[in-house]
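Here is the structure we will look at, set down as structure tokens.
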Amino acid sequence: MVIILSGQTTPPVNEGERLTPREIVAELDKHIVGQSAAKRAVAIALRNRWRRQQLAPELREEILPKNIIMIGPTGVGKTEIARRLARLAKSPFLKIEASKFTEVGYVGRDVESMIRDLTELAVKMVREEKKAHIKALAERNVRERLLDLLLPPRMASAPAFVAAPADRVSETREKLAQWLDEGKLEDREVEIEVKEQNFPSLEIFTNQGIEEMGVNMKDILPGLFPGKSKPRKLKVSEARVMLLNEESEKLVDQATVSREAIERVEQSGIVFLDEIDKIAGREHAQGPDVSREGVQRDLLPIVEGTTVNTKYGMVKTDHILFIAAGAFHVSKPSDLIPELQGRFPIRVELEALTQADLVRILTEPQHALTTQYIDLLSTEGVTLRFTGDAVVEVARFAAEVNERTENIGARRLHTILERLLDELSFDADEKRGESITIDAAYVRKTLQDVVQDADLSRYIL
């Protein structure tokens, strides 16, 4: 039994894209400190998608997304801005490092693999949404199947004197159903047929790489490898999980999932190309540099708009939003080939984080780092508190180490806090019920020696 939930496909515009640019920036401000220029750029790009959908179809196809390059040092929020934007818009989102690609013909991933990966993510996203819609129906079916396992129906061929009266069977089934709903049968064992998931696969090596061929021996020769299943005894609680997944798969129309996933990728997909500065060099006289200009030329048709073949169907990349990012310490955006530069018309520079920014990062965002440690230790029954001067002192040490060694931005706060709370985290189970306050004196006592020793801080912080 397959249920198609609706004759219409999922609307290409998500609710998140209906937010105004000001509202989008306000949402991003809840998680990311500063970087207003980058937030404005991505907010406008997201809003333009909604604007495009309001136009006539013939004009809609002519308006292409304005791709963005974010320029700034590591740890200032480039990736987080793109990730939060995608989550806000409920769009398929893929983050991938540009340095993973190599020119076609050499060992490595081909650039089209990013679109296949994005499509896989969209299929999973749509499938989970469909399963959520039919969850109630699937749960009812699972309930009936569990009752059948707990009280198998009378065999039609059973002699009349062996079979129990119908009214008694019905009464027993209702009683079992009541106990099942009340959770009294969770530890009762039932026997179910479990399908084996592992099938021999055939890997084909081509100049396009092997990761996207997706050729399965079972698909090529379905009669040679029939889906085997074997009986297993499981508790009702464990069987329910497996049966629910099985029922959900039956009720969801996979063709509809694939169609809607492709549409979602084409209309609202976001690809975040990190480390694009690593491929910004030009070819050298010594021969082709397969990780640089060749990769840029391979990226060009994907960003410009082409059709990529995936196992779910053909995917057009014309309206996918590409956000590239890089530190550009050695190279600069103008080192990209001119054709690729033209496909990223919007460029925003992200500012390096100051000590004041680090203080805000520790306290302002939802689920700030200090809040995370407080919640983690609360699971051990320890009440942790950071004073205001302690937060300032942590930020000061982080800024100092960033200045004297490699500047890794806000990521330095992770190493500083881990070092600061190392002893407390180790002994937390022995301090149940205690209330511990981290003040500036404690921060200085724990970190002063490490920070002052440049060689030590280089390895530890």
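Residues in the structure tokens are numbered from 1 in each chain, the chains being A, B, ... in the order shown, and ligands are numbered from 1 in the order shown.
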Checklist line | Near-Glu27 of chain A list (12 Å; only C-alpha atoms; drop same-chain fewer than 4 positions) as JSON, numbers by chain | finding: {"A": [16, 19, 20, 21, 22, 23, 31, 32, 33, 39, 40, 43, 81, 84, 85, 86, 87, 88, 89, 365, 366]}
Item checked: Nearest to Gln267 of chain A by atom-to-atom distance, counting only C-alpha atoms, from A:Glu128, A:Glu423, A:Glu120, A:Glu61 -> A:Glu61
Check: For Ser258 of chain A, which of A:Arg232, A:Arg18, A:His319, A:Arg127 is the closest residue, counting only C-alpha atoms?
Finding: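 Answer, going by the shortest atom-to-atom distance: A:Arg127.
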12 Å contact set for Thr363 of chain A, only C-alpha atoms, chain neighbours under 5 positions out, as a CSV table (one decimal) with N, CA, C and O atoms, in the first residue's frame:
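Printed below is part34.csv as written:
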chain,number,residue,atom,x,y,z
A,30,LYS,N,21.1,36.3,16.7
A,30,LYS,CA,20.9,35.5,17.9
A,30,LYS,C,22.0,34.4,18.1
A,30,LYS,O,22.2,33.9,19.2
A,31,HIS,N,22.7,34.1,17.0
A,31,HIS,CA,23.7,33.1,17.1
A,31,HIS,C,25.1,33.6,16.7
A,31,HIS,O,26.1,32.9,17.1
A,32,ILE,N,25.2,34.7,16.0
A,32,ILE,CA,26.5,35.1,15.5
A,32,ILE,C,26.7,36.6,15.9
A,32,ILE,O,25.8,37.4,15.7
A,33,VAL,N,27.9,36.9,16.4
A,33,VAL,CA,28.2,38.2,16.9
A,33,VAL,C,28.9,39.0,15.7
A,33,VAL,O,29.8,38.5,15.0
A,356,ALA,N,36.5,42.6,22.6
A,356,ALA,CA,35.1,42.9,23.0
A,356,ALA,C,34.2,41.9,22.3
A,356,ALA,O,33.2,41.4,22.8
A,357,ASP,N,34.5,41.5,21.0
A,357,ASP,CA,33.7,40.5,20.3
A,357,ASP,C,33.7,39.2,21.0
A,357,ASP,O,32.7,38.5,21.1
A,358,LEU,N,34.9,38.8,21.5
A,358,LEU,CA,35.0,37.5,22.1
A,358,LEU,C,34.2,37.5,23.4
A,358,LEU,O,33.6,36.4,23.8
A,368,ALA,N,25.4,30.0,24.1
A,368,ALA,CA,26.8,30.5,24.1
A,368,ALA,C,27.7,29.4,24.8
A,368,ALA,O,27.2,28.5,25.5
A,369,LEU,N,29.0,29.6,24.6
A,369,LEU,CA,29.9,28.6,25.1
A,369,LEU,C,29.8,28.4,26.7
A,369,LEU,O,29.8,27.3,27.2
A,370,THR,N,29.7,29.5,27.4
A,370,THR,CA,29.6,29.4,28.8
A,370,THR,C,28.3,28.7,29.2
A,370,THR,O,28.3,27.9,30.2
A,371,THR,N,27.2,29.0,28.5
A,371,THR,CA,26.0,28.3,28.8
A,371,THR,C,26.1,26.8,28.6
A,371,THR,O,25.5,26.0,29.3
A,372,GLN,N,26.8,26.4,27.5
A,372,GLN,CA,27.0,25.0,27.2
A,372,GLN,C,27.7,24.3,28.3
A,372,GLN,O,27.3,23.2,28.7
A,373,TYR,N,28.8,24.9,28.9
A,373,TYR,CA,29.5,24.2,30.0
A,373,TYR,C,28.6,24.2,31.2
A,373,TYR,O,28.7,23.2,32.0
A,374,ILE,N,27.9,25.2,31.5
A,374,ILE,CA,27.0,25.2,32.7
A,374,ILE,C,26.0,24.1,32.6
A,374,ILE,O,25.7,23.4,33.5
A,386,PHE,N,29.8,31.7,35.9
A,386,PHE,CA,31.0,32.5,35.5
A,386,PHE,C,30.7,34.0,35.9
A,386,PHE,O,29.6,34.5,35.6
A,387,THR,N,31.6,34.6,36.6
A,387,THR,CA,31.4,36.0,36.9
A,387,THR,C,31.8,36.8,35.6
A,387,THR,O,32.4,36.4,34.7
A,388,GLY,N,31.3,38.1,35.6
A,388,GLY,CA,31.6,39.0,34.5
A,388,GLY,C,33.1,39.2,34.2
A,388,GLY,O,33.5,39.2,33.1
A,390,ALA,N,35.4,37.2,35.0
A,390,ALA,CA,36.0,35.9,34.5
A,390,ALA,C,35.9,35.8,33.0
A,390,ALA,O,36.8,35.4,32.3
A,391,VAL,N,34.7,36.2,32.5
A,391,VAL,CA,34.5,36.2,31.0
A,391,VAL,C,35.4,37.1,30.3
A,391,VAL,O,36.0,36.8,29.3
A,392,VAL,N,35.6,38.3,30.9
A,392,VAL,CA,36.5,39.3,30.3
A,392,VAL,C,37.9,38.7,30.3
A,392,VAL,O,38.7,38.9,29.3
A,394,VAL,N,38.9,35.6,30.3
A,394,VAL,CA,39.0,34.5,29.2
A,394,VAL,C,39.2,35.1,27.9
A,394,VAL,O,40.0,34.7,27.1
A,395,ALA,N,38.4,36.1,27.6
A,395,ALA,CA,38.4,36.8,26.3
A,395,ALA,C,39.8,37.4,26.1
A,395,ALA,O,40.4,37.4,25.0
A,413,LEU,N,38.5,30.2,21.8
A,413,LEU,CA,37.7,30.1,23.0
A,413,LEU,C,37.5,28.7,23.5
A,413,LEU,O,37.4,28.4,24.7
